[in-house]
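Q: The following block contains the structure, expressed as structure tokens.
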Amino acid sequence: MLRFETGLRSYQTWMGGWGLCILRESMSYILDKPYGTGDVTATIIGAPGSFSVVSFTRAQNMLSPEIDLFFKAKNDTFFSLSYEGEFTIDSTYRYQQVMGKIGVFF
């Protein structure tokens with residue numbers, strides 16, 4: 001499979017007495033093009049039964065928005081929240097992911 005991606009990304013950074021905040025946004029165009037793909041039947045070792053996977057057979061044109069927010073306080077605690085999506089232009093495929101992190105630098 002060929003996967004081609006191009007796009008724009010921007011960053012904004014704010015620093016203050018409270019800590020650091022970084023915002024990252026991006027928008028990409030993705031072209032996925034299959035070559036010689038088809039059906040696969042597979043099993044998971046130790047699991048009963050099997051499953052079939054059918055791959056896509058034509059090129060997909062997608063848009064992919066992303067946004068990340070990172071905040072680090074002066075006491076070295078931080079949190080991060082991010083979103084990533086992929087959407088075909090004809091609305092036949094959607095992928096969305098949201099992820100959050102909380103931690104401490106030491």
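Ligands are numbered from 1 in the order shown, residues from 1 within each chain, and chains are lettered A, B, ... in the order they appear in the structure tokens.
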Just want the 10 Å neighbourhood of Ala73 of chain A, counted on only C-alpha atoms, with same-chain residues fewer than 5 positions away dropped. Output as a PyMOL selection string.
A: chain A and resi 15-21+78-79+104
Q: For the residues in the current selection, export C-alpha atoms as a short mmCIF file (atom, residue, chain, number, x, y, z; two decimals), in the first residue's frame.
A:
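Result went into again.cif, see below:
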data_model
loop_
_atom_site.label_atom_id
_atom_site.label_comp_id
_atom_site.auth_asym_id
_atom_site.auth_seq_id
_atom_site.Cartn_x
_atom_site.Cartn_y
_atom_site.Cartn_z
CA MET A 15 4.93 31.02 29.05
CA GLY A 16 3.95 32.68 32.29
CA GLY A 17 4.40 32.57 36.03
CA TRP A 18 2.04 29.58 36.08
CA GLY A 19 4.06 27.42 33.61
CA LEU A 20 4.18 26.54 29.92
CA CYS A 21 1.36 25.86 27.44
CA PHE A 78 1.78 18.23 33.31
CA PHE A 79 -1.22 17.20 31.31
CA VAL A 104 5.06 14.48 36.79
#
Q: Give me the residues within 7 Å of Gly7 of chain A as a list in words, counting only C-alpha atoms and dropping any in the same chain fewer than 2 places off.
A: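 These residues fall inside the cut-off: Glu5, Arg9, Met27, Ser28 and Tyr29 of chain A.
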Q: Would you save the residues from that selection as a PDB file, in the first residue's frame, using N, CA and C atoms?
A:
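Output contents, as saved in out-v5.pdb:
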ATOM      1  N   GLU A   5       1.241  11.589   2.495  1.00  0.00           N
ATOM      2  CA  GLU A   5       0.614  12.585   3.358  1.00  0.00           C
ATOM      3  C   GLU A   5       1.372  13.902   3.252  1.00  0.00           C
ATOM      4  N   ARG A   9       1.308  22.453   9.617  1.00  0.00           N
ATOM      5  CA  ARG A   9       1.275  22.339  11.077  1.00  0.00           C
ATOM      6  C   ARG A   9       1.700  23.667  11.672  1.00  0.00           C
ATOM      7  N   MET A  27      -3.375  20.117   9.675  1.00  0.00           N
ATOM      8  CA  MET A  27      -4.366  19.615   8.727  1.00  0.00           C
ATOM      9  C   MET A  27      -3.584  18.999   7.574  1.00  0.00           C
ATOM     10  N   SER A  28      -3.910  17.750   7.242  1.00  0.00           N
ATOM     11  CA  SER A  28      -3.176  17.023   6.207  1.00  0.00           C
ATOM     12  C   SER A  28      -4.129  16.442   5.172  1.00  0.00           C
ATOM     13  N   TYR A  29      -3.589  16.249   3.980  1.00  0.00           N
ATOM     14  CA  TYR A  29      -4.253  15.474   2.933  1.00  0.00           C
ATOM     15  C   TYR A  29      -3.519  14.141   2.865  1.00  0.00           C
TER      16      TYR A  29
END
Q: Tell me which protein, DNA and RNA residues are within 7 Å of Asn61 of chain A, counting only C-alpha atoms, leaving out same-chain ones fewer than 5 positions away, and put them as a PyMOL selection string.
A: chain A and resi 30-32+88-89
Q: Please write the residues from the selection above to a file, keeping N, CA and C atoms, as a short mmCIF file (atom, residue, chain, number, x, y, z; two decimals), in the first residue's frame.
A:
data_model
loop_
_atom_site.label_atom_id
_atom_site.label_comp_id
_atom_site.auth_asym_id
_atom_site.auth_seq_id
_atom_site.Cartn_x
_atom_site.Cartn_y
_atom_site.Cartn_z
N ILE A 30 -4.28 13.04 2.82
CA ILE A 30 -3.69 11.69 2.77
C ILE A 30 -4.24 10.96 1.56
N LEU A 31 -3.35 10.30 0.83
CA LEU A 31 -3.74 9.42 -0.26
C LEU A 31 -3.28 8.01 0.10
N ASP A 32 -4.22 7.09 0.27
CA ASP A 32 -3.92 5.67 0.47
C ASP A 32 -4.27 4.94 -0.81
N THR A 88 -12.43 10.12 4.99
CA THR A 88 -12.44 10.12 3.53
C THR A 88 -13.34 11.24 3.06
N ILE A 89 -13.03 11.76 1.92
CA ILE A 89 -13.77 12.89 1.37
C ILE A 89 -15.21 12.48 1.04
#
Q: Could you check the closest approach to Thr92 of chain A for each of A:Pro34, A:Phe71, A:Arg58, A:Phe105 and tell me which residue wins, using only C-alpha atoms?
A: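 Of the candidates, the smallest distance to Thr92 of chain A is held by A:Arg58.
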Q: Calculated over only C-alpha atoms, which of the candidates A:Ser26, A:Thr43, A:Ser50, A:Thr57 has the smallest distance to Glu84 of chain A?
A: A:Ser26
Q: Among chain A, which residues carry a DSSP assignment of strand (DSSP E or B), reported as number ranges by chain?
A: A: 2-16, 19-33, 39-42, 51-54, 60-73, 77-88, 94-104
Q: Choose the residue, out of A:Trp14, A:Thr41, A:Arg24, A:Ile102, that has the smallest atom-to-atom separation from Thr77 of chain A; count only C-alpha atoms.
A: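 Of the candidates, the smallest distance to Thr77 of chain A is held by A:Ile102.
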Q: Skipping near chain neighbours, those fewer than 6 positions away, what residues fall within 10 Å of Ser82 of chain A using only C-alpha atoms, listed as a PyMOL selection string?
A: chain A and resi 23-25+66-70+97-101
Q: Residues of the last selection are to be written out with N, CA and C atoms, as a PDB file, in the first residue's frame.
A:
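Saved as again_25.pdb:
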ATOM      1  N   LEU A  23       0.254  24.686  22.105  1.00  0.00           N
ATOM      2  CA  LEU A  23      -0.866  24.248  21.280  1.00  0.00           C
ATOM      3  C   LEU A  23      -0.331  23.956  19.882  1.00  0.00           C
ATOM      4  N   ARG A  24      -0.638  22.761  19.376  1.00  0.00           N
ATOM      5  CA  ARG A  24      -0.194  22.368  18.037  1.00  0.00           C
ATOM      6  C   ARG A  24      -1.418  21.976  17.221  1.00  0.00           C
ATOM      7  N   GLU A  25      -1.572  22.561  16.038  1.00  0.00           N
ATOM      8  CA  GLU A  25      -2.661  22.218  15.137  1.00  0.00           C
ATOM      9  C   GLU A  25      -2.068  21.782  13.805  1.00  0.00           C
ATOM     10  N   GLU A  66      -5.585  17.387  13.271  1.00  0.00           N
ATOM     11  CA  GLU A  66      -4.980  17.041  14.557  1.00  0.00           C
ATOM     12  C   GLU A  66      -4.891  18.287  15.416  1.00  0.00           C
ATOM     13  N   ILE A  67      -5.051  18.094  16.721  1.00  0.00           N
ATOM     14  CA  ILE A  67      -4.841  19.192  17.667  1.00  0.00           C
ATOM     15  C   ILE A  67      -4.289  18.596  18.958  1.00  0.00           C
ATOM     16  N   ASP A  68      -3.248  19.226  19.502  1.00  0.00           N
ATOM     17  CA  ASP A  68      -2.607  18.791  20.745  1.00  0.00           C
ATOM     18  C   ASP A  68      -2.493  19.987  21.674  1.00  0.00           C
ATOM     19  N   LEU A  69      -2.824  19.767  22.935  1.00  0.00           N
ATOM     20  CA  LEU A  69      -2.659  20.784  23.964  1.00  0.00           C
ATOM     21  C   LEU A  69      -1.784  20.196  25.063  1.00  0.00           C
ATOM     22  N   PHE A  70      -0.677  20.868  25.373  1.00  0.00           N
ATOM     23  CA  PHE A  70       0.250  20.411  26.412  1.00  0.00           C
ATOM     24  C   PHE A  70       0.417  21.535  27.422  1.00  0.00           C
ATOM     25  N   GLN A  97      -9.349   9.492  17.238  1.00  0.00           N
ATOM     26  CA  GLN A  97      -8.652   9.073  18.448  1.00  0.00           C
ATOM     27  C   GLN A  97      -8.479  10.279  19.362  1.00  0.00           C
ATOM     28  N   VAL A  98      -8.833  10.105  20.627  1.00  0.00           N
ATOM     29  CA  VAL A  98      -8.628  11.134  21.643  1.00  0.00           C
ATOM     30  C   VAL A  98      -7.757  10.507  22.733  1.00  0.00           C
ATOM     31  N   MET A  99      -6.739  11.235  23.163  1.00  0.00           N
ATOM     32  CA  MET A  99      -5.832  10.696  24.166  1.00  0.00           C
ATOM     33  C   MET A  99      -5.504  11.777  25.190  1.00  0.00           C
ATOM     34  N   GLY A 100      -5.481  11.394  26.454  1.00  0.00           N
ATOM     35  CA  GLY A 100      -5.115  12.288  27.527  1.00  0.00           C
ATOM     36  C   GLY A 100      -3.990  11.708  28.371  1.00  0.00           C
ATOM     37  N   LYS A 101      -3.129  12.556  28.882  1.00  0.00           N
ATOM     38  CA  LYS A 101      -2.012  12.123  29.739  1.00  0.00           C
ATOM     39  C   LYS A 101      -1.907  13.072  30.922  1.00  0.00           C
TER      40      LYS A 101
END
Q: When you draw a straight line from atom CA of Met62 of chain A to atom CA of Ser80 of chain A, how long is it in Å?
A: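 About the pair atom CA of Met62 of chain A and atom CA of Ser80 of chain A: they are 25.9 Å apart.
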Q: With distances taken over only C-alpha atoms, which residue among A:Ala42, A:Gly36, A:Tyr93, A:Lys72 lies nearest Thr13 of chain A?
A: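 Of all the options, A:Lys72 lies closest to Thr13 of chain A.
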